[in-house]
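Next comes work.txt, with compact mmCIF, C-alpha atoms (C1' of nucleotides).
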```
# COMPACT_ATOMS: atom_id res chain seq x y z
CA MET O 1 -23.42 -4.71 4.17
CA ALA O 2 -20.94 -6.68 6.15
CA ARG O 3 -22.39 -9.74 7.81
CA HIS O 4 -20.43 -11.71 10.26
CA ASP O 5 -21.67 -15.07 11.30
CA HIS O 6 -18.41 -16.00 12.90
CA ARG O 7 -17.52 -15.36 16.49
CA LEU O 8 -15.51 -12.47 17.75
CA HIS O 9 -12.97 -14.00 20.06
CA GLU O 10 -11.65 -12.38 23.19
CA GLY O 11 -9.04 -13.24 25.79
CA GLU O 12 -8.54 -16.94 26.21
CA ALA O 13 -10.80 -17.83 23.33
CA LEU O 14 -8.93 -15.52 21.00
CA ARG O 15 -5.63 -16.95 22.06
CA ASP O 16 -6.91 -20.48 21.51
CA ALA O 17 -8.24 -19.59 18.09
CA ALA O 18 -4.88 -18.09 17.20
CA ARG O 19 -3.00 -21.14 18.38
CA GLU O 20 -5.27 -23.44 16.46
CA ARG O 21 -5.00 -21.39 13.32
CA LEU O 22 -1.24 -21.28 13.48
CA THR O 23 -0.77 -24.97 14.18
CA ASP O 24 -3.19 -25.79 11.37
CA GLN O 25 -0.74 -24.09 9.07
CA GLY O 26 2.02 -26.39 10.23
CA GLU O 27 3.68 -23.72 12.35
CA GLN O 28 4.59 -24.09 15.98
CA TRP O 29 2.83 -22.29 18.82
CA THR O 30 5.78 -21.54 21.05
CA GLY O 31 5.93 -19.71 24.35
CA MET O 32 7.59 -16.83 22.59
CA ARG O 33 4.83 -16.61 20.02
CA ALA O 34 2.18 -16.83 22.69
CA ALA O 35 3.87 -13.99 24.57
CA VAL O 36 4.00 -11.81 21.47
CA PHE O 37 0.42 -12.59 20.64
CA ASP O 38 -0.75 -11.76 24.16
CA ALA O 39 1.22 -8.55 24.14
CA LEU O 40 -0.24 -7.51 20.84
CA ALA O 41 -3.77 -8.43 21.90
CA SER O 42 -3.37 -6.44 25.11
CA PHE O 43 -3.35 -3.16 23.18
CA ASP O 44 -6.60 -1.49 22.32
CA LYS O 45 -5.03 0.38 19.46
CA PRO O 46 -2.44 -0.40 16.83
CA ALA O 47 0.93 -1.02 18.41
CA SER O 48 4.34 -0.71 16.82
CA ALA O 49 6.65 -3.70 16.87
CA TYR O 50 8.70 -1.87 19.49
CA ASP O 51 5.64 -1.29 21.64
CA VAL O 52 4.89 -4.99 21.44
CA ALA O 53 8.47 -5.86 22.28
CA GLU O 54 8.33 -3.67 25.35
CA ALA O 55 5.02 -5.06 26.53
CA ALA O 56 6.16 -8.61 25.98
CA SER O 57 9.42 -7.93 27.80
CA LYS O 58 7.53 -6.60 30.79
CA ALA O 59 5.12 -9.52 30.82
CA GLU O 60 7.89 -12.08 30.53
CA GLY O 61 10.28 -10.39 32.90
CA ARG O 62 13.13 -10.58 30.40
CA ARG O 63 14.29 -8.65 27.43
CA ILE O 64 12.63 -9.58 24.14
CA ALA O 65 14.38 -8.08 21.17
CA ALA O 66 12.44 -6.07 18.60
CA ASN O 67 13.89 -8.18 15.87
CA SER O 68 12.31 -11.35 17.22
CA VAL O 69 9.04 -9.52 17.47
CA TYR O 70 9.27 -8.49 13.83
CA ARG O 71 9.82 -12.08 12.78
CA ILE O 72 6.84 -13.26 14.73
CA LEU O 73 4.59 -10.42 13.66
CA ASP O 74 5.42 -11.15 10.04
CA LEU O 75 4.49 -14.75 10.64
CA PHE O 76 1.24 -13.67 12.28
CA VAL O 77 0.34 -11.38 9.43
CA GLY O 78 0.99 -14.20 6.98
CA ALA O 79 -1.21 -16.51 9.01
CA ASN O 80 -3.95 -13.90 9.38
CA LEU O 81 -3.53 -13.68 13.15
CA ALA O 82 -2.60 -10.04 12.89
CA ARG O 83 -2.86 -7.16 10.50
CA ARG O 84 -0.44 -4.43 9.68
CA VAL O 85 -1.76 -0.88 9.64
CA GLU O 86 0.41 0.57 6.92
CA SER O 87 -0.29 4.22 7.48
CA ALA O 88 0.62 3.87 11.15
CA ASN O 89 3.56 1.45 10.90
CA ALA O 90 1.73 -0.64 13.46
CA TYR O 91 0.00 -3.92 14.06
CA VAL O 92 -3.31 -5.12 15.48
CA ALA O 93 -4.46 -8.55 16.51
CA ASN O 94 -7.09 -10.04 14.27
CA LYS O 95 -10.17 -10.86 16.33
CA HIS O 96 -11.39 -13.52 13.94
CA PRO O 97 -8.34 -15.18 12.48
CA GLU O 98 -10.28 -17.95 10.84
CA CYS O 99 -11.95 -15.73 8.22
CA LEU O 100 -10.22 -14.01 5.39
CA HIS O 101 -11.35 -10.47 4.71
CA ASP O 102 -9.95 -7.42 3.08
CA CYS O 103 -10.41 -5.00 5.87
CA ILE O 104 -10.87 -1.31 6.28
CA PHE O 105 -9.25 0.52 9.17
CA LEU O 106 -10.60 3.80 10.44
CA ILE O 107 -7.80 5.48 12.37
CA CYS O 108 -8.37 8.49 14.57
CA ASP O 109 -5.53 10.96 14.09
CA SER O 110 -6.31 12.47 17.45
CA CYS O 111 -6.50 9.52 19.84
CA GLY O 112 -5.11 6.71 17.73
CA GLN O 113 -8.17 4.58 18.30
CA THR O 114 -8.69 2.32 15.33
CA VAL O 115 -11.82 0.55 14.29
CA HIS O 116 -11.99 -2.26 11.86
CA VAL O 117 -14.73 -2.62 9.29
CA ASP O 118 -15.36 -5.29 6.72
CA ASP O 119 -17.24 -4.49 3.56
CA ASP O 120 -16.90 -7.24 1.04
CA ALA O 121 -18.72 -5.33 -1.67
CA LEU O 122 -16.39 -2.41 -1.31
CA SER O 123 -13.24 -4.48 -1.34
CA ALA O 124 -14.57 -6.40 -4.31
CA SER O 125 -14.88 -3.12 -6.19
CA ILE O 126 -11.32 -2.28 -5.37
CA ARG O 127 -10.07 -5.66 -6.48
CA LYS O 128 -12.06 -5.23 -9.64
CA ALA O 129 -10.50 -1.84 -10.34
CA ALA O 130 -7.08 -3.37 -9.82
CA ALA O 131 -7.85 -6.29 -12.11
CA GLU O 132 -9.00 -3.90 -14.83
CA ALA O 133 -5.64 -2.20 -14.65
CA GLY O 134 -3.91 -5.53 -15.14
CA PHE O 135 -2.91 -6.09 -11.52
CA SER O 136 -3.11 -9.55 -10.08
CA ALA O 137 -2.94 -11.17 -6.65
CA PRO O 138 -3.89 -7.94 -5.03
CA ARG O 139 -3.69 -7.19 -1.37
CA PRO O 140 -5.80 -4.11 -0.76
CA VAL O 141 -4.72 -1.62 1.85
CA ILE O 142 -7.74 0.42 2.80
CA GLU O 143 -7.28 2.84 5.62
CA VAL O 144 -9.04 6.04 6.50
CA ARG O 145 -7.36 8.72 8.57
CA GLY O 146 -9.77 11.04 10.30
CA THR O 147 -11.26 11.95 13.63
CA CYS O 148 -13.42 9.58 15.62
CA GLY O 149 -16.80 10.67 16.96
CA GLU O 150 -15.55 10.94 20.50
CA CYS O 151 -12.59 13.20 19.71
CA GLU O 152 -14.81 15.21 17.43
CA ARG O 153 -17.20 15.99 20.28
CA SER O 154 -14.57 16.70 22.90
CA ALA O 155 -12.37 18.87 20.69
CA GLY O 156 -15.11 20.71 18.83
CA MET J 1 -15.78 5.02 -13.99
CA ALA J 2 -13.21 7.67 -13.54
CA ARG J 3 -13.56 10.53 -15.99
CA HIS J 4 -10.92 13.16 -16.24
CA ASP J 5 -11.65 16.29 -18.13
CA HIS J 6 -8.60 18.02 -16.76
CA ARG J 7 -5.19 17.90 -18.36
CA LEU J 8 -2.40 15.66 -17.38
CA HIS J 9 0.64 17.86 -17.10
CA GLU J 10 4.14 16.81 -17.97
CA GLY J 11 7.57 18.34 -17.77
CA GLU J 12 7.53 22.10 -18.00
CA ALA J 13 3.77 22.30 -17.92
CA LEU J 14 3.62 20.21 -14.79
CA ARG J 15 6.20 22.33 -13.11
CA ASP J 16 4.32 25.49 -14.06
CA ALA J 17 1.07 24.07 -12.77
CA ALA J 18 2.77 23.17 -9.52
CA ARG J 19 4.27 26.62 -9.13
CA GLU J 20 0.97 28.25 -9.83
CA ARG J 21 -0.85 26.05 -7.41
CA LEU J 22 1.62 26.67 -4.64
CA THR J 23 1.75 30.42 -5.08
CA ASP J 24 -2.04 30.51 -5.19
CA GLN J 25 -1.94 29.13 -1.69
CA GLY J 26 0.20 32.01 -0.56
CA GLU J 27 3.35 29.93 -0.42
CA GLN J 28 6.60 30.78 -2.13
CA TRP J 29 8.03 28.93 -5.10
CA THR J 30 11.70 28.95 -4.23
CA GLY J 31 14.65 27.47 -6.07
CA MET J 32 14.89 24.82 -3.42
CA ARG J 33 11.24 23.85 -3.83
CA ALA J 34 11.59 23.76 -7.58
CA ALA J 35 14.60 21.49 -7.24
CA VAL J 36 12.74 19.13 -4.95
CA PHE J 37 9.72 19.10 -7.20
CA ASP J 38 11.83 18.39 -10.27
CA ALA J 39 13.66 15.63 -8.46
CA LEU J 40 10.42 14.05 -7.35
CA ALA J 41 8.87 14.35 -10.80
CA SER J 42 11.92 12.77 -12.38
CA PHE J 43 11.11 9.42 -10.82
CA ASP J 44 8.74 7.08 -12.57
CA LYS J 45 7.90 5.29 -9.36
CA PRO J 46 7.36 6.33 -5.79
CA ALA J 47 10.54 7.72 -4.29
CA SER J 48 11.52 7.94 -0.66
CA ALA J 49 12.44 11.31 0.78
CA TYR J 50 16.04 10.15 0.82
CA ASP J 51 15.88 9.18 -2.85
CA VAL J 52 14.56 12.63 -3.62
CA ALA J 53 17.25 14.25 -1.51
CA GLU J 54 19.91 12.35 -3.38
CA ALA J 55 18.49 13.17 -6.79
CA ALA J 56 18.10 16.82 -5.89
CA SER J 57 21.64 16.94 -4.53
CA LYS J 58 22.98 15.50 -7.76
CA ALA J 59 20.95 17.89 -9.90
CA GLU J 60 21.98 20.92 -7.87
CA GLY J 61 25.60 19.94 -7.40
CA ARG J 62 25.41 20.48 -3.66
CA ARG J 63 24.25 18.59 -0.65
CA ILE J 64 20.53 18.86 0.07
CA ALA J 65 19.65 17.43 3.44
CA ALA J 66 16.88 14.89 3.81
CA ASN J 67 15.46 17.01 6.52
CA SER J 68 14.78 19.91 4.14
CA VAL J 69 13.28 17.51 1.67
CA TYR J 70 10.85 16.27 4.31
CA ARG J 71 9.71 19.78 5.07
CA ILE J 72 9.12 20.53 1.43
CA LEU J 73 7.45 17.23 0.67
CA ASP J 74 5.06 17.79 3.57
CA LEU J 75 4.26 21.18 2.13
CA PHE J 76 3.69 19.62 -1.28
CA VAL J 77 1.39 16.96 0.10
CA GLY J 78 -0.59 19.65 1.91
CA ALA J 79 -0.88 21.63 -1.30
CA ASN J 80 -1.79 18.58 -3.37
CA LEU J 81 1.36 18.78 -5.46
CA ALA J 82 2.43 15.38 -4.25
CA ARG J 83 1.00 12.32 -2.62
CA ARG J 84 2.41 10.04 -0.02
CA VAL J 85 2.23 6.31 -0.68
CA GLU J 86 1.79 5.06 2.86
CA SER J 87 2.46 1.42 2.29
CA ALA J 88 5.76 2.24 0.59
CA ASN J 89 6.93 5.15 2.75
CA ALA J 90 7.36 7.07 -0.46
CA TYR J 91 6.10 10.00 -2.47
CA VAL J 92 4.90 10.65 -6.00
CA ALA J 93 4.32 13.89 -7.85
CA ASN J 94 0.68 14.62 -8.55
CA LYS J 95 0.19 15.02 -12.29
CA HIS J 96 -2.89 17.17 -11.94
CA PRO J 97 -2.42 19.25 -8.83
CA GLU J 98 -5.40 21.44 -9.49
CA CYS J 99 -8.01 18.75 -8.87
CA LEU J 100 -8.75 17.15 -5.59
CA HIS J 101 -9.29 13.41 -5.65
CA ASP J 102 -9.10 10.57 -3.28
CA CYS J 103 -6.81 8.37 -5.20
CA ILE J 104 -6.07 4.71 -5.48
CA PHE J 105 -2.54 3.49 -5.96
CA LEU J 106 -1.78 0.13 -7.49
CA ILE J 107 1.74 -0.80 -6.46
CA CYS J 108 3.63 -3.67 -8.03
CA ASP J 109 5.49 -5.58 -5.35
CA SER J 110 7.84 -6.91 -7.97
CA CYS J 111 8.99 -3.85 -9.92
CA GLY J 112 7.72 -1.01 -7.77
CA GLN J 113 5.83 0.52 -10.65
CA THR J 114 2.84 2.38 -9.34
CA VAL J 115 -0.25 3.41 -11.21
CA HIS J 116 -2.74 5.91 -10.03
CA VAL J 117 -6.45 5.51 -10.47
CA ASP J 118 -9.30 7.78 -9.50
CA ASP J 119 -12.68 6.38 -8.82
CA ASP J 120 -14.91 8.90 -7.19
CA ALA J 121 -17.75 6.44 -6.67
CA LEU J 122 -15.46 4.07 -4.87
CA SER J 123 -13.93 6.68 -2.64
CA ALA J 124 -17.39 8.04 -1.90
CA SER J 125 -18.38 4.60 -0.64
CA ILE J 126 -15.38 4.53 1.62
CA ARG J 127 -16.09 7.97 2.97
CA LYS J 128 -19.66 6.88 3.53
CA ALA J 129 -18.57 3.81 5.47
CA ALA J 130 -16.34 6.00 7.61
CA ALA J 131 -19.12 8.50 8.23
CA GLU J 132 -21.44 5.71 9.32
CA ALA J 133 -18.88 4.71 11.92
CA GLY J 134 -18.80 8.27 13.24
CA PHE J 135 -15.55 9.31 11.62
CA SER J 136 -15.24 12.79 10.23
CA ALA J 137 -12.84 14.71 8.00
CA PRO J 138 -11.57 11.51 6.54
CA ARG J 139 -8.54 11.17 4.38
CA PRO J 140 -8.81 7.81 2.67
CA VAL J 141 -5.67 5.82 2.02
CA ILE J 142 -6.43 3.33 -0.69
CA GLU J 143 -3.56 1.29 -1.96
CA VAL J 144 -3.38 -2.10 -3.56
CA ARG J 145 -0.25 -4.21 -3.40
CA GLY J 146 -0.01 -6.79 -6.12
CA THR J 147 1.76 -7.67 -9.32
CA CYS J 148 1.49 -5.60 -12.46
CA GLY J 149 0.63 -7.19 -15.78
CA GLU J 150 4.15 -6.90 -17.10
CA CYS J 151 5.81 -8.62 -14.15
CA GLU J 152 3.08 -11.21 -14.17
CA ARG J 153 3.91 -12.16 -17.75
CA SER J 154 7.66 -12.10 -17.37
CA ALA J 155 7.76 -13.98 -14.07
CA GLY J 156 4.99 -16.46 -14.77
C1' DC V 1 18.00 53.83 7.00
C1' DC V 2 17.49 50.68 10.76
C1' DC V 3 15.07 47.56 13.45
C1' DA V 4 12.12 43.75 14.30
C1' DA V 5 9.57 40.04 12.62
C1' DT V 6 9.08 36.28 9.62
C1' DC V 7 10.25 32.69 6.60
C1' DG V 8 13.12 29.39 4.17
C1' DC V 9 16.77 26.65 4.76
C1' DG V 10 21.13 24.50 6.92
C1' DT V 11 23.08 21.70 10.47
C1' DT V 12 23.28 18.58 13.97
C1' DA V 13 21.52 15.42 16.73
C1' DC V 14 18.39 12.03 17.70
C1' DA V 15 14.27 8.88 17.69
C1' DA V 16 11.66 5.32 15.54
C1' DT V 17 11.16 1.68 12.34
C1' DA V 18 13.07 -2.30 9.92
C1' DT V 19 16.46 -5.75 8.26
C1' DA V 20 20.83 -8.57 7.97
C1' DT V 21 23.97 -11.78 9.85
C1' DC V 22 25.64 -15.11 12.50
C1' DA V 23 25.63 -17.77 16.86
C1' DT V 24 23.18 -20.78 19.89
C1' DC V 25 19.82 -23.72 21.72
C1' DG V 26 16.69 -27.44 21.89
C1' DG V 27 13.62 -30.80 20.03
C1' DA V 28 12.55 -34.52 16.35
C1' DG V 29 14.02 -38.27 14.08
C1' DC V 30 17.59 -41.59 13.17
C1' DG C 1 24.23 -40.01 21.17
C1' DC C 2 24.19 -37.57 16.78
C1' DT C 3 22.43 -34.70 13.21
C1' DC C 4 19.39 -31.67 11.24
C1' DC C 5 16.48 -27.90 11.39
C1' DG C 6 13.49 -24.40 13.00
C1' DA C 7 13.20 -20.90 16.65
C1' DT C 8 15.39 -17.55 19.12
C1' DG C 9 19.28 -14.46 20.81
C1' DA C 10 22.64 -10.96 20.03
C1' DT C 11 24.61 -7.52 17.58
C1' DA C 12 25.07 -4.44 14.06
C1' DT C 13 23.37 -1.60 10.65
C1' DA C 14 20.11 0.44 7.34
C1' DT C 15 16.16 3.26 6.57
C1' DT C 16 12.73 6.53 7.73
C1' DG C 17 11.28 10.47 10.29
C1' DT C 18 11.60 14.60 13.94
C1' DA C 19 13.43 18.07 17.04
C1' DA C 20 16.04 21.99 18.11
C1' DC C 21 18.44 25.86 17.03
C1' DG C 22 20.71 29.29 14.22
C1' DC C 23 21.70 31.98 10.04
C1' DG C 24 20.61 34.89 6.31
C1' DA C 25 17.32 37.09 3.23
C1' DT C 26 13.21 39.66 2.81
C1' DT C 27 9.76 42.73 4.22
C1' DG C 28 7.21 46.19 6.55
C1' DG C 29 7.12 49.86 10.08
C1' DG C 30 9.27 53.47 12.46
```
Output the file's structure in the form of structure tokens.
Amino acid sequence: MARHDHRLHEGEALRDAARERLTDQGEQWTGMRAAVFDALASFDKPASAYDVAEAASKAEGRRIAANSVYRILDLFVGANLARRVESANAYVANKHPECLHDCIFLICDSCGQTVHVDDDALSASIRKAAAEAGFSAPRPVIEVRGTCGECERSAG
Amino acid sequence: MARHDHRLHEGEALRDAARERLTDQGEQWTGMRAAVFDALASFDKPASAYDVAEAASKAEGRRIAANSVYRILDLFVGANLARRVESANAYVANKHPECLHDCIFLICDSCGQTVHVDDDALSASIRKAAAEAGFSAPRPVIEVRGTCGECERSAG
DNA sequence: CCCAATCGCGTTACAATATATCATCGGAGC
DNA sequence: GCTCCGATGATATATTGTAACGCGATTGGG
């Protein structure tokens, strides 16, 4: 079972944790990066880079190009501040950037809502299967497309 | 451990199995679909829809539009003749279209080579985790990005 | 036989996602 | 001040994916 002793950050605290994490890696926490992080964190579901660019542009009152957002999102993913949801071509902020986990995304095909689960035993099994096939340095991508409980009830 | 009692089809046999499977579903096996299937099966790694379109065009000696390829690939995925590799925006032919499996792809970031593993116990665990979170009708996407043994050895 | 309905496919246009390239700007260190 | 370098801007382009509409072949009913 997944056990999380760490804190789930929100709002200011999340932003602070992100800044700290990034600067610890020797990277700068610039206004631009803060704006992109805030924009990403403001979504309650995975957002495409273009969605983030639009939200950040609105918040900043000036145009922020998608291409800058891509650069920064890539940096964030590398620093564990954000995750990419491969099957949705989208990104989510990582609520606990200080811990490394393989994570499992459950994505509702109906409403887009995405929940994030950690199961270290499960991801260990997957890494093990990969290792047995001769694969190294694996980065598991575990995503489940389906229908969330809420949509299930409302749609029958 | 994954046990496969079914046959792995190749070449003609694979094509026949695909045709049979598709017609069993009440769909037609047209020349166009055969061409797309052959083109897809001719790749030894995941191929984008555009790659398939190009290969099919070459094989047929006439232009086959990507758009048609998308339609047909979607049909194939629905009929279990092909799989989509989400993290690569690409498709692979399914070598045993008659059995339903959640499958695990191991994708080499270096050479693109992709191996396919079935582990019913593992996918059952993932489905179980999804069910516990209230998700239904799940379609697991399990992919592992890493480096294959061969690239590992040659690149250090 | 003819008509209508359906299906597969073509064609064009377009939207969404992602990367490449080069210019510029501004701070850190000398 | 000057230089270097990382961050960002601007522009262009590549790649991936959909939408809309029409044509032609097939099929089933009259």
Set the distance at 12 Å and use all atoms listed in the file: which residues neighbour Ile72 of chain J once local chain neighbours fewer than 5 positions away are removed? I'd like the list as a PyMOL selection string.
(chain J and resi 22+27-37+39-40+49+52-53+64-67+77-79+81-82+91) or (chain V and resi 8-9)
Grab the residues selected above and save them as a PDB file, in the frame of the given file with C-alpha atoms (C1' of nucleotides).
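Output file out-v7.pdb follows:
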```pdb
ATOM      1  CA  LEU J  22       1.620  26.670  -4.640  1.00  0.00           C
ATOM      2  CA  GLU J  27       3.350  29.930  -0.420  1.00  0.00           C
ATOM      3  CA  GLN J  28       6.600  30.780  -2.130  1.00  0.00           C
ATOM      4  CA  TRP J  29       8.030  28.930  -5.100  1.00  0.00           C
ATOM      5  CA  THR J  30      11.700  28.950  -4.230  1.00  0.00           C
ATOM      6  CA  GLY J  31      14.650  27.470  -6.070  1.00  0.00           C
ATOM      7  CA  MET J  32      14.890  24.820  -3.420  1.00  0.00           C
ATOM      8  CA  ARG J  33      11.240  23.850  -3.830  1.00  0.00           C
ATOM      9  CA  ALA J  34      11.590  23.760  -7.580  1.00  0.00           C
ATOM     10  CA  ALA J  35      14.600  21.490  -7.240  1.00  0.00           C
ATOM     11  CA  VAL J  36      12.740  19.130  -4.950  1.00  0.00           C
ATOM     12  CA  PHE J  37       9.720  19.100  -7.200  1.00  0.00           C
ATOM     13  CA  ALA J  39      13.660  15.630  -8.460  1.00  0.00           C
ATOM     14  CA  LEU J  40      10.420  14.050  -7.350  1.00  0.00           C
ATOM     15  CA  ALA J  49      12.440  11.310   0.780  1.00  0.00           C
ATOM     16  CA  VAL J  52      14.560  12.630  -3.620  1.00  0.00           C
ATOM     17  CA  ALA J  53      17.250  14.250  -1.510  1.00  0.00           C
ATOM     18  CA  ILE J  64      20.530  18.860   0.070  1.00  0.00           C
ATOM     19  CA  ALA J  65      19.650  17.430   3.440  1.00  0.00           C
ATOM     20  CA  ALA J  66      16.880  14.890   3.810  1.00  0.00           C
ATOM     21  CA  ASN J  67      15.460  17.010   6.520  1.00  0.00           C
ATOM     22  CA  VAL J  77       1.390  16.960   0.100  1.00  0.00           C
ATOM     23  CA  GLY J  78      -0.590  19.650   1.910  1.00  0.00           C
ATOM     24  CA  ALA J  79      -0.880  21.630  -1.300  1.00  0.00           C
ATOM     25  CA  LEU J  81       1.360  18.780  -5.460  1.00  0.00           C
ATOM     26  CA  ALA J  82       2.430  15.380  -4.250  1.00  0.00           C
ATOM     27  CA  TYR J  91       6.100  10.000  -2.470  1.00  0.00           C
TER      28      TYR J  91
ATOM     29  C1'  DG V   8      13.120  29.390   4.170  1.00  0.00           C
ATOM     30  C1'  DC V   9      16.770  26.650   4.760  1.00  0.00           C
TER      31       DC V   9
END
```
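The neighbours of segment 16-25 of chain V here are the residues that come within 8 Å of it, using all atoms listed in the file and leaving out any residue fewer than 2 positions away in the same chain; they are O:Asn89, C:DG9, C:DT13, C:DA14, C:DT15, C:DT16, C:DG17.
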Residues of chain J within 12 Å of chain C, counting all atoms listed in the file - could you list those as a list in words?
Ser48, Ala49, Tyr50, Asp51, Ala66, Asn67, Ser68, Val69, Tyr70, Arg71, Asp74, Ala88, Asn89 and Ala90 of chain J
Select, as a PyMOL selection string, those residues of chain O with any atom no more than 9 Å from chain J (distances computed using only C-alpha atoms).
chain O and resi 85-89+104+106-108+115+117+119+122+125-127+129-130+133-150+152
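Proximity ranking of J:Val92, J:Lys128, J:Arg63, J:Asp120 relative to chain V places J:Arg63 first, based on only C-alpha atoms (C1' of nucleotides).
Computed from the coordinates, the atom CA of Ala93 of chain J to atom CA of Leu14 of chain J distance equals 9.4 Å.
If you look at atom C1' of DT11 of chain V and atom CA of Phe76 of chain J, they are 22.8 Å away from each other.
Proximity of V:DA15, V:DG10, V:DA5, V:DC30 to chain J, computed with only C-alpha atoms (C1' of nucleotides), is greatest for V:DG10.
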So how many Å separate atom CA of Ala55 of chain J and atom CA of Phe43 of chain J, to one decimal?
9.2 Å
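Shortest atom-to-atom contact with Arg15 of chain O among O:Gly61, O:Asp44, O:Asn94, O:Arg83: O:Asn94, counting only C-alpha atoms.
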Missing atoms in segment 131-145 of chain O should be modelled up to N, CA and C atoms and reported as a PDB file, in the frame of the given file.
```pdb
ATOM      1  N   ALA O 131      -7.894  -5.290 -11.044  1.00  0.00           N
ATOM      2  CA  ALA O 131      -7.850  -6.290 -12.110  1.00  0.00           C
ATOM      3  C   ALA O 131      -7.981  -5.618 -13.472  1.00  0.00           C
ATOM      4  N   GLU O 132      -8.824  -4.604 -13.561  1.00  0.00           N
ATOM      5  CA  GLU O 132      -9.000  -3.900 -14.830  1.00  0.00           C
ATOM      6  C   GLU O 132      -7.721  -3.204 -15.271  1.00  0.00           C
ATOM      7  N   ALA O 133      -6.895  -2.851 -14.308  1.00  0.00           N
ATOM      8  CA  ALA O 133      -5.640  -2.200 -14.650  1.00  0.00           C
ATOM      9  C   ALA O 133      -4.530  -3.228 -14.859  1.00  0.00           C
ATOM     10  N   GLY O 134      -4.889  -4.506 -14.849  1.00  0.00           N
ATOM     11  CA  GLY O 134      -3.910  -5.530 -15.140  1.00  0.00           C
ATOM     12  C   GLY O 134      -3.151  -6.021 -13.926  1.00  0.00           C
ATOM     13  N   PHE O 135      -3.593  -5.646 -12.739  1.00  0.00           N
ATOM     14  CA  PHE O 135      -2.910  -6.090 -11.520  1.00  0.00           C
ATOM     15  C   PHE O 135      -3.506  -7.389 -11.032  1.00  0.00           C
ATOM     16  N   SER O 136      -2.626  -8.271 -10.588  1.00  0.00           N
ATOM     17  CA  SER O 136      -3.110  -9.550 -10.080  1.00  0.00           C
ATOM     18  C   SER O 136      -2.669  -9.767  -8.652  1.00  0.00           C
ATOM     19  N   ALA O 137      -3.256 -10.781  -8.032  1.00  0.00           N
ATOM     20  CA  ALA O 137      -2.940 -11.170  -6.650  1.00  0.00           C
ATOM     21  C   ALA O 137      -2.915  -9.983  -5.714  1.00  0.00           C
ATOM     22  N   PRO O 138      -3.937  -9.199  -5.764  1.00  0.00           N
ATOM     23  CA  PRO O 138      -3.890  -7.940  -5.030  1.00  0.00           C
ATOM     24  C   PRO O 138      -4.121  -8.116  -3.535  1.00  0.00           C
ATOM     25  N   ARG O 139      -3.456  -7.302  -2.805  1.00  0.00           N
ATOM     26  CA  ARG O 139      -3.690  -7.190  -1.370  1.00  0.00           C
ATOM     27  C   ARG O 139      -4.066  -5.740  -1.082  1.00  0.00           C
ATOM     28  N   PRO O 140      -5.363  -5.490  -0.966  1.00  0.00           N
ATOM     29  CA  PRO O 140      -5.800  -4.110  -0.760  1.00  0.00           C
ATOM     30  C   PRO O 140      -5.386  -3.577   0.600  1.00  0.00           C
ATOM     31  N   VAL O 141      -5.022  -2.344   0.616  1.00  0.00           N
ATOM     32  CA  VAL O 141      -4.720  -1.620   1.850  1.00  0.00           C
ATOM     33  C   VAL O 141      -5.699  -0.468   1.902  1.00  0.00           C
ATOM     34  N   ILE O 142      -6.704  -0.607   2.753  1.00  0.00           N
ATOM     35  CA  ILE O 142      -7.740   0.420   2.800  1.00  0.00           C
ATOM     36  C   ILE O 142      -7.788   0.987   4.197  1.00  0.00           C
ATOM     37  N   GLU O 143      -7.349   2.217   4.309  1.00  0.00           N
ATOM     38  CA  GLU O 143      -7.280   2.840   5.620  1.00  0.00           C
ATOM     39  C   GLU O 143      -7.830   4.250   5.501  1.00  0.00           C
ATOM     40  N   VAL O 144      -8.506   4.692   6.518  1.00  0.00           N
ATOM     41  CA  VAL O 144      -9.040   6.040   6.500  1.00  0.00           C
ATOM     42  C   VAL O 144      -8.540   6.787   7.719  1.00  0.00           C
ATOM     43  N   ARG O 145      -7.817   7.864   7.476  1.00  0.00           N
ATOM     44  CA  ARG O 145      -7.360   8.720   8.570  1.00  0.00           C
ATOM     45  C   ARG O 145      -8.407   9.785   8.781  1.00  0.00           C
TER      46      ARG O 145
END
```
